[in-house]
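Trainee: Shown below is the structure under consideration.
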Amino acid sequence: MGTMFEAEKTLSNGLGRIGVIHTAHGDIKTPAFMVVGTHGKVKFLSMDDLSDLGAQAMLSNGYHLRRKAAEITAAGGLAKWSGWNGPTLTDSGGFQVMSLGSGMGKVVSMRRKPGLANAAHKDRLAIVTEKGVDFVDPFDKSPDFIGPEESMRIQCQIGSDIHMAFDELTTITDSYEYNVDALARTERWAERSLKEHKKHCDDLGYHQYLYGVLQGGRWEDLRRSTARKLGAMDFDGYGLGGSFEKEALGDILRWCNEELPFDKPKHLLGLSHPDDIFIGVEMGADTFDCVAPMREARHGRIYTRDGNINLRKCAGSDEPLDESCDCLTCKAGLTRGKLRALWKSGDERLKEIFYNMATVHNTRFIVRLMEEIRQSILEDRFYEFRDEFLKRYYGK
RNA sequence: GCUGGAAUCGUCUAGUGGCAAUGACAAGAGACUGUAAAUCUCUCGCCUUCGGGCUUCGUAGGUUCGAGUCCUACUUCCAGCA
């Protein structure tokens, strides 16, 4: 196999860059936003919608697809099974270690607030041990055990192009001491993931890559040391993980990427608000994924160049969602008022049209932002573009 | 005309002696970042120094310490009989 990742041009800081990721199911021009189709399908978007809005890759989740792994194998892998037929990435289930465990409830926050605490041990649906994680399925309450080996076997059966090592994501409230333990465990799991992945990574007749995932919270010593350790291992790329505090994101990514090998691709896990994307790209993240554009669309939050709007407040408005947008929804002439009317119609079919159109718009907004960032780097005006965009978007 | 039944916050609705009064929807505000999220939280009679104060359940009286709840009359609506 050839080189997986090629950097084409690098920012003056030596970290941020544009490039191409080659996968068995196609190339990804970076930086790129990967749409999230946890179960193999993006909510309310068809595969045609994804192509139309310029999506390059889809991220799914090994945890959610664990029971369908054999079926997906039989269909020839995630790309074929889903009908997406393009590059795919799967998460290991590491996020669920947190979201169903210590972070049950709403602890995915980027802000530390007074009173924010981890879920009580007895309430958790994910219990961490050295061997792996005991899960209780949130829907049917059935138990499951997933450790590094299980996660690798599931992902290799699913056959996404890029896999994530099985990691433990800590919450923003976890202490330094806990993060030291969790990080050491995640590093041991990384070795086990790598070893198991090698056994199965070509089983489907094409090569599947594995990214090691960096944790370490907000502490520079942990971030740098784990980056050095995992950086020395034989991973194809790296997932930049954690529950980030907004103010610390840039530093954390810089610490990681100053230590990691430059020529391997990096995926920033779970972030996509424009300010985070600019920081991510600047600090060397090549790909991103996030549920926010899609979820926020469903909740009536519409992205515009001048900031986000709450569609609830747009009754009767003739304004376009965003005057410069080139998405299908905007091209079809859907104004804020018309889209709101679909949403509030009380008719389930019209509501589904709203979900589709709103999701198309927000997703295109982020995909297009990535395209423009790429272009700005190509034209040596990344920082100017960033300042201009963020000033208009956040109004400051 | 007679006989039943019903009138409660924008709408529907709970409530048969201690109630500013249930639930749903609508409305308003906020949240959402590797999807337990087409979701969640808050407000939703008026005023408030957030302690509380005031006025409310078709209208008018009455019984009672106390009435949305019981009684009387009236108004309107619904059903059945004429």
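If you're wondering about the labels, chains in the structure tokens are A, B, ... by order shown, residues count from 1 in each chain, ligands from 1 in order shown.
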Produce a table with one row for each residue of chain A that has an atom at most 7 Å from any atom of chain B, each row naming the nearest atom pair and its distance in Å at one decimal; use only C-alpha atoms (C1' of nucleotides); arrange rows by chain and rising residue number; format as JSON lines.
Mentor:
{"residue": "A:Thr38", "atom": "CA", "partner": "B:U35", "partner_atom": "C1'", "distance": 6.9}
{"residue": "A:Asp91", "atom": "CA", "partner": "B:G34", "partner_atom": "C1'", "distance": 6.2}
{"residue": "A:Phe95", "atom": "CA", "partner": "B:G34", "partner_atom": "C1'", "distance": 5.7}
{"residue": "A:Pro138", "atom": "CA", "partner": "B:A36", "partner_atom": "C1'", "distance": 5.3}
{"residue": "A:Phe139", "atom": "CA", "partner": "B:A36", "partner_atom": "C1'", "distance": 6.7}
{"residue": "A:Leu269", "atom": "CA", "partner": "B:G34", "partner_atom": "C1'", "distance": 4.6}
{"residue": "A:Gly270", "atom": "CA", "partner": "B:G34", "partner_atom": "C1'", "distance": 4.5}
{"residue": "A:Leu271", "atom": "CA", "partner": "B:U33", "partner_atom": "C1'", "distance": 4.6}
{"residue": "A:Ser272", "atom": "CA", "partner": "B:U33", "partner_atom": "C1'", "distance": 6.1}
{"residue": "A:His273", "atom": "CA", "partner": "B:U33", "partner_atom": "C1'", "distance": 6.9}
{"residue": "A:Asp289", "atom": "CA", "partner": "B:G34", "partner_atom": "C1'", "distance": 6.9}
{"residue": "A:Cys290", "atom": "CA", "partner": "B:U33", "partner_atom": "C1'", "distance": 6.0}
{"residue": "A:Val291", "atom": "CA", "partner": "B:U35", "partner_atom": "C1'", "distance": 6.5}
{"residue": "A:Ala292", "atom": "CA", "partner": "B:U33", "partner_atom": "C1'", "distance": 5.5}
{"residue": "A:Glu296", "atom": "CA", "partner": "B:C32", "partner_atom": "C1'", "distance": 6.6}
{"residue": "A:Arg298", "atom": "CA", "partner": "B:A38", "partner_atom": "C1'", "distance": 6.1}
Trainee: What lies within 10 Å of Ala120 of chain A using only C-alpha atoms (C1' of nucleotides), ignoring chain neighbours under 5 positions off, as a list in words?
Mentor: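 The filter keeps Gly101, Ser102, Gly103 and Met104 of chain A.
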Trainee: Can you write out the residues you just picked, keeping C-alpha atoms, as an mmCIF file, in the first residue's frame?
Mentor:
data_model
loop_
_atom_site.group_PDB
_atom_site.id
_atom_site.type_symbol
_atom_site.label_atom_id
_atom_site.label_comp_id
_atom_site.auth_asym_id
_atom_site.auth_seq_id
_atom_site.Cartn_x
_atom_site.Cartn_y
_atom_site.Cartn_z
ATOM 1 C CA GLY A 101 -20.565 5.952 32.234
ATOM 2 C CA SER A 102 -19.010 8.763 34.212
ATOM 3 C CA GLY A 103 -20.627 11.375 32.011
ATOM 4 C CA MET A 104 -24.145 9.999 32.035
#
Trainee: Give me, as a list in words, all polymer residues having an atom no more than 9 Å from Ile279 of chain A, counting only C-alpha atoms (C1' of nucleotides) and skipping those fewer than 5 positions away in the same chain.
Mentor: Leu249, Gly250, Leu253, Pro274, Gly284 and Ala285 of chain A
Trainee: Using DSSP assignments from the backbone, pull out every residue in segment 78-245 of chain A that falls under strand (DSSP E) and give it to me as a PDB file with N, CA and C atoms, in the first residue's frame.
Mentor:
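New file selection.pdb:
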ATOM      1  N   THR A  88     -15.065   5.794   5.068  1.00  0.00           N
ATOM      2  CA  THR A  88     -15.766   5.728   6.345  1.00  0.00           C
ATOM      3  C   THR A  88     -14.772   5.605   7.488  1.00  0.00           C
ATOM      4  N   LEU A  89     -15.227   6.045   8.643  1.00  0.00           N
ATOM      5  CA  LEU A  89     -14.454   5.912   9.870  1.00  0.00           C
ATOM      6  C   LEU A  89     -15.402   5.381  10.924  1.00  0.00           C
ATOM      7  N   THR A  90     -14.915   4.527  11.792  1.00  0.00           N
ATOM      8  CA  THR A  90     -15.748   4.141  12.927  1.00  0.00           C
ATOM      9  C   THR A  90     -15.069   4.541  14.223  1.00  0.00           C
ATOM     10  N   ASP A  91     -15.907   4.963  15.149  1.00  0.00           N
ATOM     11  CA  ASP A  91     -15.428   5.170  16.501  1.00  0.00           C
ATOM     12  C   ASP A  91     -15.469   3.828  17.217  1.00  0.00           C
ATOM     13  N   ALA A 126     -21.994   2.061  31.990  1.00  0.00           N
ATOM     14  CA  ALA A 126     -20.682   1.629  31.493  1.00  0.00           C
ATOM     15  C   ALA A 126     -19.706   1.643  32.673  1.00  0.00           C
ATOM     16  N   ILE A 127     -19.160   0.492  32.968  1.00  0.00           N
ATOM     17  CA  ILE A 127     -18.236   0.364  34.094  1.00  0.00           C
ATOM     18  C   ILE A 127     -16.867  -0.066  33.555  1.00  0.00           C
ATOM     19  N   VAL A 128     -15.856   0.743  33.888  1.00  0.00           N
ATOM     20  CA  VAL A 128     -14.512   0.531  33.357  1.00  0.00           C
ATOM     21  C   VAL A 128     -13.704  -0.407  34.254  1.00  0.00           C
ATOM     22  N   VAL A 133     -14.776  -2.688  29.208  1.00  0.00           N
ATOM     23  CA  VAL A 133     -15.918  -1.967  29.757  1.00  0.00           C
ATOM     24  C   VAL A 133     -17.165  -2.839  29.719  1.00  0.00           C
ATOM     25  N   ASP A 134     -17.849  -2.907  30.864  1.00  0.00           N
ATOM     26  CA  ASP A 134     -19.144  -3.575  30.923  1.00  0.00           C
ATOM     27  C   ASP A 134     -20.225  -2.551  30.614  1.00  0.00           C
ATOM     28  N   PHE A 135     -20.907  -2.783  29.518  1.00  0.00           N
ATOM     29  CA  PHE A 135     -21.969  -1.862  29.110  1.00  0.00           C
ATOM     30  C   PHE A 135     -23.334  -2.458  29.401  1.00  0.00           C
ATOM     31  N   VAL A 136     -24.282  -1.583  29.665  1.00  0.00           N
ATOM     32  CA  VAL A 136     -25.693  -1.964  29.640  1.00  0.00           C
ATOM     33  C   VAL A 136     -26.322  -1.141  28.528  1.00  0.00           C
ATOM     34  N   PRO A 143     -26.756  -6.589  28.652  1.00  0.00           N
ATOM     35  CA  PRO A 143     -25.354  -6.361  28.967  1.00  0.00           C
ATOM     36  C   PRO A 143     -24.434  -6.698  27.795  1.00  0.00           C
ATOM     37  N   ASP A 144     -23.308  -6.024  27.766  1.00  0.00           N
ATOM     38  CA  ASP A 144     -22.304  -6.294  26.742  1.00  0.00           C
ATOM     39  C   ASP A 144     -20.951  -5.972  27.316  1.00  0.00           C
ATOM     40  N   PHE A 145     -19.971  -6.719  26.910  1.00  0.00           N
ATOM     41  CA  PHE A 145     -18.608  -6.366  27.306  1.00  0.00           C
ATOM     42  C   PHE A 145     -17.826  -5.970  26.054  1.00  0.00           C
ATOM     43  N   ILE A 146     -17.188  -4.821  26.122  1.00  0.00           N
ATOM     44  CA  ILE A 146     -16.327  -4.415  25.021  1.00  0.00           C
ATOM     45  C   ILE A 146     -14.990  -3.954  25.583  1.00  0.00           C
ATOM     46  N   ILE A 162     -11.180   3.609   8.408  1.00  0.00           N
ATOM     47  CA  ILE A 162     -10.347   4.076   9.514  1.00  0.00           C
ATOM     48  C   ILE A 162     -11.015   3.695  10.828  1.00  0.00           C
ATOM     49  N   HIS A 163     -10.247   3.093  11.711  1.00  0.00           N
ATOM     50  CA  HIS A 163     -10.760   2.687  13.012  1.00  0.00           C
ATOM     51  C   HIS A 163     -10.113   3.516  14.106  1.00  0.00           C
ATOM     52  N   MET A 164     -10.807   3.578  15.226  1.00  0.00           N
ATOM     53  CA  MET A 164     -10.241   4.227  16.397  1.00  0.00           C
ATOM     54  C   MET A 164      -9.872   3.167  17.419  1.00  0.00           C
ATOM     55  N   TYR A 209      -7.348   1.055   8.283  1.00  0.00           N
ATOM     56  CA  TYR A 209      -6.358   1.762   9.099  1.00  0.00           C
ATOM     57  C   TYR A 209      -6.789   1.862  10.549  1.00  0.00           C
ATOM     58  N   LEU A 210      -5.820   2.086  11.398  1.00  0.00           N
ATOM     59  CA  LEU A 210      -6.112   2.271  12.825  1.00  0.00           C
ATOM     60  C   LEU A 210      -5.455   3.539  13.361  1.00  0.00           C
ATOM     61  N   TYR A 211      -6.259   4.339  14.027  1.00  0.00           N
ATOM     62  CA  TYR A 211      -5.745   5.535  14.693  1.00  0.00           C
ATOM     63  C   TYR A 211      -5.636   5.255  16.194  1.00  0.00           C
ATOM     64  N   GLY A 212      -4.542   5.673  16.787  1.00  0.00           N
ATOM     65  CA  GLY A 212      -4.439   5.669  18.248  1.00  0.00           C
ATOM     66  C   GLY A 212      -5.104   6.926  18.779  1.00  0.00           C
ATOM     67  N   VAL A 213      -5.718   6.816  19.948  1.00  0.00           N
ATOM     68  CA  VAL A 213      -6.445   7.976  20.477  1.00  0.00           C
ATOM     69  C   VAL A 213      -5.740   8.560  21.692  1.00  0.00           C
ATOM     70  N   LEU A 214      -5.524   9.866  21.636  1.00  0.00           N
ATOM     71  CA  LEU A 214      -4.844  10.569  22.717  1.00  0.00           C
ATOM     72  C   LEU A 214      -5.841  11.134  23.707  1.00  0.00           C
ATOM     73  N   GLY A 237      -2.615   6.778  12.097  1.00  0.00           N
ATOM     74  CA  GLY A 237      -2.967   8.171  12.351  1.00  0.00           C
ATOM     75  C   GLY A 237      -3.385   8.298  13.801  1.00  0.00           C
ATOM     76  N   TYR A 238      -3.903   9.460  14.187  1.00  0.00           N
ATOM     77  CA  TYR A 238      -4.215   9.686  15.592  1.00  0.00           C
ATOM     78  C   TYR A 238      -5.538  10.403  15.782  1.00  0.00           C
ATOM     79  N   GLY A 239      -6.264   9.934  16.765  1.00  0.00           N
ATOM     80  CA  GLY A 239      -7.483  10.614  17.188  1.00  0.00           C
ATOM     81  C   GLY A 239      -7.138  11.527  18.344  1.00  0.00           C
ATOM     82  N   LEU A 240      -7.560  12.769  18.247  1.00  0.00           N
ATOM     83  CA  LEU A 240      -7.328  13.719  19.320  1.00  0.00           C
ATOM     84  C   LEU A 240      -8.602  13.771  20.145  1.00  0.00           C
TER      85      LEU A 240
END
Trainee: At what distance in Å, to one decimal, does atom C1' of U13 of chain B lie from atom C1' of C42 of chain B?
Mentor: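 Interatomic distance, atom C1' of C42 of chain B to atom C1' of U13 of chain B: 22.8 Å.
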Trainee: DSSP on the backbone: which residues in segment 163-217 of chain A end up as helix (DSSP H, G or I)? Give the answer as a list in words.
Mentor: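 Helix (DSSP H, G or I) assignments inside segment 163-217 of chain A correspond to Tyr176, Glu177, Tyr178, Asn179, Val180, Asp181, Ala182, Leu183, Ala184, Arg185, Thr186, Glu187, Arg188, Trp189, Ala190, Glu191, Arg192, Ser193, Leu194, Lys195, Glu196, His197, Lys198, Lys199 and His200 of chain A.
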Trainee: Please provide the set of residues having any atom within 12 Å of Lys9 of chain A, restricted to only C-alpha atoms (C1' of nucleotides), with same-chain residues fewer than 4 positions apart removed, written as number ranges by chain.
Mentor: A: 13-20, 30-31, 263, 284, 374-380, 382
Trainee: Could you tell me how far atom CA of Gly216 of chain A lies from atom CA of Asp167 of chain A, in Å and to one decimal?
Mentor: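 Spanning atom CA of Gly216 of chain A to atom CA of Asp167 of chain A is a straight-line distance of 11.0 Å.
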Trainee: Give me, as a PyMOL selection string, all polymer residues having an atom no more than 7 Å from segment 56-67 of chain A, counting only C-alpha atoms (C1' of nucleotides) and skipping those fewer than 2 positions away in the same chain.
Mentor: chain A and resi 28+34-40+54+69+86-93+151+154-155
Trainee: Take the residues just selected and output them with N, CA and C atoms as a PDB file, in the first residue's frame.
Mentor:
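Now in selection08.pdb:
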ATOM      1  N   ILE A  28      -9.859  11.635   0.755  1.00  0.00           N
ATOM      2  CA  ILE A  28     -10.458  12.717   1.542  1.00  0.00           C
ATOM      3  C   ILE A  28      -9.507  13.892   1.469  1.00  0.00           C
ATOM      4  N   MET A  34     -16.272  15.081   8.676  1.00  0.00           N
ATOM      5  CA  MET A  34     -16.939  13.805   8.432  1.00  0.00           C
ATOM      6  C   MET A  34     -18.323  13.858   9.050  1.00  0.00           C
ATOM      7  N   VAL A  35     -19.324  13.579   8.228  1.00  0.00           N
ATOM      8  CA  VAL A  35     -20.690  13.587   8.763  1.00  0.00           C
ATOM      9  C   VAL A  35     -20.870  12.376   9.673  1.00  0.00           C
ATOM     10  N   VAL A  36     -21.717  12.533  10.671  1.00  0.00           N
ATOM     11  CA  VAL A  36     -21.898  11.461  11.629  1.00  0.00           C
ATOM     12  C   VAL A  36     -23.164  10.670  11.322  1.00  0.00           C
ATOM     13  N   GLY A  37     -22.939   9.410  10.976  1.00  0.00           N
ATOM     14  CA  GLY A  37     -24.050   8.482  10.783  1.00  0.00           C
ATOM     15  C   GLY A  37     -23.795   7.321  11.712  1.00  0.00           C
ATOM     16  N   THR A  38     -24.069   7.524  12.963  1.00  0.00           N
ATOM     17  CA  THR A  38     -23.718   6.563  14.006  1.00  0.00           C
ATOM     18  C   THR A  38     -24.119   5.135  13.646  1.00  0.00           C
ATOM     19  N   HIS A  39     -25.332   5.005  13.153  1.00  0.00           N
ATOM     20  CA  HIS A  39     -25.850   3.672  12.808  1.00  0.00           C
ATOM     21  C   HIS A  39     -25.648   3.348  11.321  1.00  0.00           C
ATOM     22  N   GLY A  40     -24.840   4.134  10.633  1.00  0.00           N
ATOM     23  CA  GLY A  40     -24.608   3.866   9.214  1.00  0.00           C
ATOM     24  C   GLY A  40     -25.442   4.740   8.304  1.00  0.00           C
ATOM     25  N   GLY A  54     -21.483  17.790  -0.532  1.00  0.00           N
ATOM     26  CA  GLY A  54     -20.025  17.743  -0.577  1.00  0.00           C
ATOM     27  C   GLY A  54     -19.371  16.973   0.543  1.00  0.00           C
ATOM     28  N   ALA A  69     -22.481  -6.343  13.003  1.00  0.00           N
ATOM     29  CA  ALA A  69     -21.154  -6.464  12.404  1.00  0.00           C
ATOM     30  C   ALA A  69     -21.085  -7.595  11.379  1.00  0.00           C
ATOM     31  N   GLY A  86     -18.344   5.466   0.068  1.00  0.00           N
ATOM     32  CA  GLY A  86     -17.193   6.372   0.146  1.00  0.00           C
ATOM     33  C   GLY A  86     -16.397   6.057   1.392  1.00  0.00           C
ATOM     34  N   PRO A  87     -15.430   6.904   1.702  1.00  0.00           N
ATOM     35  CA  PRO A  87     -14.599   6.682   2.885  1.00  0.00           C
ATOM     36  C   PRO A  87     -15.424   6.696   4.168  1.00  0.00           C
ATOM     37  N   THR A  88     -15.065   5.794   5.068  1.00  0.00           N
ATOM     38  CA  THR A  88     -15.766   5.728   6.345  1.00  0.00           C
ATOM     39  C   THR A  88     -14.772   5.605   7.488  1.00  0.00           C
ATOM     40  N   LEU A  89     -15.227   6.045   8.643  1.00  0.00           N
ATOM     41  CA  LEU A  89     -14.454   5.912   9.870  1.00  0.00           C
ATOM     42  C   LEU A  89     -15.402   5.381  10.924  1.00  0.00           C
ATOM     43  N   THR A  90     -14.915   4.527  11.792  1.00  0.00           N
ATOM     44  CA  THR A  90     -15.748   4.141  12.927  1.00  0.00           C
ATOM     45  C   THR A  90     -15.069   4.541  14.223  1.00  0.00           C
ATOM     46  N   ASP A  91     -15.907   4.963  15.149  1.00  0.00           N
ATOM     47  CA  ASP A  91     -15.428   5.170  16.501  1.00  0.00           C
ATOM     48  C   ASP A  91     -15.469   3.828  17.217  1.00  0.00           C
ATOM     49  N   SER A  92     -14.642   3.717  18.221  1.00  0.00           N
ATOM     50  CA  SER A  92     -14.451   2.438  18.908  1.00  0.00           C
ATOM     51  C   SER A  92     -15.533   2.107  19.916  1.00  0.00           C
ATOM     52  N   GLY A  93     -16.312   3.123  20.323  1.00  0.00           N
ATOM     53  CA  GLY A  93     -17.189   2.964  21.470  1.00  0.00           C
ATOM     54  C   GLY A  93     -16.591   3.680  22.677  1.00  0.00           C
ATOM     55  N   SER A 151     -13.570  -4.392  20.484  1.00  0.00           N
ATOM     56  CA  SER A 151     -13.790  -3.216  19.637  1.00  0.00           C
ATOM     57  C   SER A 151     -13.086  -3.358  18.293  1.00  0.00           C
ATOM     58  N   ILE A 154     -14.937  -5.912  16.150  1.00  0.00           N
ATOM     59  CA  ILE A 154     -16.180  -5.320  15.631  1.00  0.00           C
ATOM     60  C   ILE A 154     -15.876  -4.371  14.476  1.00  0.00           C
ATOM     61  N   GLN A 155     -14.905  -3.498  14.689  1.00  0.00           N
ATOM     62  CA  GLN A 155     -14.613  -2.509  13.642  1.00  0.00           C
ATOM     63  C   GLN A 155     -14.057  -3.177  12.384  1.00  0.00           C
TER      64      GLN A 155
END
Trainee: Which of these residues is nearest to G15 of chain B, using only C-alpha atoms (C1' of nucleotides): B:C57, B:C2, B:C71, B:A82?
Mentor: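 The closest residue to G15 of chain B is B:C57.
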Trainee: Need to verify the contact set: Met233 of chain A, 9 Å, only C-alpha atoms (C1' of nucleotides), exclusion of same-chain residues closer than 4 positions in sequence. Can you return it as a PyMOL selection string?
Mentor: chain A and resi 191+194+212+228-229
Trainee: Excluding G17 of chain B and residues on its chain fewer than 5 positions from it, collect all residues at most 8 Å away from it, counting only C-alpha atoms (C1' of nucleotides), and give them as an mmCIF file with C-alpha atoms (C1' of nucleotides), in the first residue's frame.
Mentor:
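Result saved to selection06.cif:
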data_model
loop_
_atom_site.group_PDB
_atom_site.id
_atom_site.type_symbol
_atom_site.label_atom_id
_atom_site.label_comp_id
_atom_site.auth_asym_id
_atom_site.auth_seq_id
_atom_site.Cartn_x
_atom_site.Cartn_y
_atom_site.Cartn_z
ATOM 1 C "C1'" G B 66 -62.985 28.123 54.410
ATOM 2 C "C1'" A B 67 -66.414 27.236 47.861
ATOM 3 C "C1'" U B 69 -66.184 22.010 44.361
#
Trainee: Find, counting only C-alpha atoms (C1' of nucleotides), the residue in B:U41, B:U64, B:U11, B:U59 that gets nearest to C25 of chain B.
Mentor: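 When distances to C25 of chain B are compared using only C-alpha atoms (C1' of nucleotides), the smallest one comes from B:U11.
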